[in-house]
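Take a look at the structure below.
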Amino acid sequence: MSQILPGVRTLGWMSRGACRQADPELFFPIAVTGPAARQVETAKAVCHRCSVRSNCLSYALETMPEGVWGGTTLEERRAARRRPSHRRVSTR
């Protein structure tokens, strides 16, 4: 039997995400700098008002998907995982 990751055990929270009401492309910018930085900030603003942001961030830290998840970019999550206390990343 394969091991189930803690943040991935149940994905029911996804149906309650604020992002469900937004254009999915918003969360997958082609870059995180330059003109795309505005897109990243807009996506993060959706995340910041989301009631399941902590679940989303936990999922993203476990699976490391592309895009903006839990109010963070892939690069931000990579940096968080390199820190010893990556599970304490703030969701505020």
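We name chains A, B, ... following the order of the structure tokens; residues begin at 1 in each chain, and ligands are numbered from 1 as shown.
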- Mind the document's chain letters and residue numbers, and return as a ChimeraX atom specification the residues of chain A that DSSP labels alpha helix (DSSP H). /A:36-48,53-63,74-82
Write the residues of the preceding selection, restricted to N, CA and C atoms, as a compact mmCIF listing (two decimals), in the first residue's frame.
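Full text of out19.txt as output:
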# COMPACT_ATOMS: atom_id res chain seq x y z
N ALA A 36 3.93 39.73 -15.41
CA ALA A 36 3.19 38.63 -14.78
C ALA A 36 3.09 38.80 -13.27
N ALA A 37 3.90 39.66 -12.70
CA ALA A 37 3.85 39.88 -11.25
C ALA A 37 2.48 40.37 -10.81
N ARG A 38 1.84 41.17 -11.64
CA ARG A 38 0.48 41.66 -11.32
C ARG A 38 -0.49 40.49 -11.26
N GLN A 39 -0.35 39.55 -12.17
CA GLN A 39 -1.20 38.37 -12.19
C GLN A 39 -0.99 37.55 -10.91
N VAL A 40 0.26 37.39 -10.51
CA VAL A 40 0.57 36.65 -9.28
C VAL A 40 -0.07 37.34 -8.09
N GLU A 41 0.05 38.65 -8.01
CA GLU A 41 -0.53 39.40 -6.89
C GLU A 41 -2.06 39.28 -6.88
N THR A 42 -2.67 39.29 -8.05
CA THR A 42 -4.13 39.13 -8.13
C THR A 42 -4.53 37.74 -7.66
N ALA A 43 -3.79 36.72 -8.07
CA ALA A 43 -4.08 35.35 -7.63
C ALA A 43 -3.92 35.24 -6.11
N LYS A 44 -2.85 35.82 -5.59
CA LYS A 44 -2.62 35.77 -4.14
C LYS A 44 -3.73 36.48 -3.38
N ALA A 45 -4.28 37.54 -3.94
CA ALA A 45 -5.39 38.27 -3.29
C ALA A 45 -6.60 37.36 -3.16
N VAL A 46 -6.85 36.52 -4.15
CA VAL A 46 -7.95 35.55 -4.06
C VAL A 46 -7.64 34.57 -2.92
N CYS A 47 -6.41 34.11 -2.87
CA CYS A 47 -6.01 33.16 -1.81
C CYS A 47 -6.16 33.77 -0.42
N HIS A 48 -5.82 35.02 -0.28
CA HIS A 48 -5.84 35.66 1.04
C HIS A 48 -7.24 35.76 1.63
N ARG A 53 -7.40 28.23 2.80
CA ARG A 53 -6.04 28.56 2.41
C ARG A 53 -5.00 27.67 3.11
N SER A 54 -5.17 27.40 4.37
CA SER A 54 -4.18 26.58 5.08
C SER A 54 -4.15 25.15 4.53
N ASN A 55 -5.31 24.60 4.18
CA ASN A 55 -5.36 23.27 3.57
C ASN A 55 -4.62 23.29 2.23
N CYS A 56 -4.88 24.33 1.46
CA CYS A 56 -4.28 24.47 0.14
C CYS A 56 -2.77 24.59 0.25
N LEU A 57 -2.31 25.38 1.19
CA LEU A 57 -0.88 25.55 1.37
C LEU A 57 -0.23 24.24 1.81
N SER A 58 -0.86 23.52 2.72
CA SER A 58 -0.33 22.21 3.15
C SER A 58 -0.22 21.27 1.96
N TYR A 59 -1.27 21.23 1.16
CA TYR A 59 -1.27 20.39 -0.04
C TYR A 59 -0.12 20.78 -0.96
N ALA A 60 0.02 22.07 -1.20
CA ALA A 60 1.05 22.57 -2.11
C ALA A 60 2.46 22.28 -1.58
N LEU A 61 2.66 22.37 -0.28
CA LEU A 61 3.97 22.06 0.30
C LEU A 61 4.29 20.57 0.18
N GLU A 62 3.28 19.73 0.20
CA GLU A 62 3.49 18.29 0.07
C GLU A 62 3.71 17.88 -1.39
N THR A 63 2.93 18.43 -2.31
CA THR A 63 2.95 17.96 -3.69
C THR A 63 3.75 18.84 -4.65
N LEU A 74 5.38 28.65 -6.61
CA LEU A 74 6.22 27.47 -6.52
C LEU A 74 7.59 27.83 -5.94
N GLU A 75 8.13 28.95 -6.35
CA GLU A 75 9.44 29.38 -5.84
C GLU A 75 9.38 29.65 -4.34
N GLU A 76 8.30 30.26 -3.87
CA GLU A 76 8.15 30.51 -2.44
C GLU A 76 8.02 29.20 -1.66
N ARG A 77 7.32 28.24 -2.23
CA ARG A 77 7.19 26.95 -1.56
C ARG A 77 8.52 26.20 -1.53
N ARG A 78 9.27 26.29 -2.61
CA ARG A 78 10.59 25.66 -2.62
C ARG A 78 11.46 26.25 -1.51
N ALA A 79 11.44 27.56 -1.38
CA ALA A 79 12.22 28.23 -0.33
C ALA A 79 11.73 27.79 1.05
N ALA A 80 10.42 27.67 1.23
CA ALA A 80 9.86 27.26 2.51
C ALA A 80 10.28 25.83 2.86
N ARG A 81 10.33 24.97 1.87
CA ARG A 81 10.72 23.58 2.12
C ARG A 81 12.19 23.46 2.50
N ARG A 82 13.00 24.39 2.04
CA ARG A 82 14.43 24.37 2.39
C ARG A 82 14.64 24.81 3.83
- Note on the structure: Pairwise distance, atom CA of A:Ile30 with atom CA of A:Gly12, equals 27.9 Å
- Message: Could you tell me how far atom CA of A:Ser15 sits from atom CA of A:Pro29, in Å to one decimal place?
- Response: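 Computing the Euclidean distance for atom CA of A:Pro29 and atom CA of A:Ser15 yields 21.8 Å.
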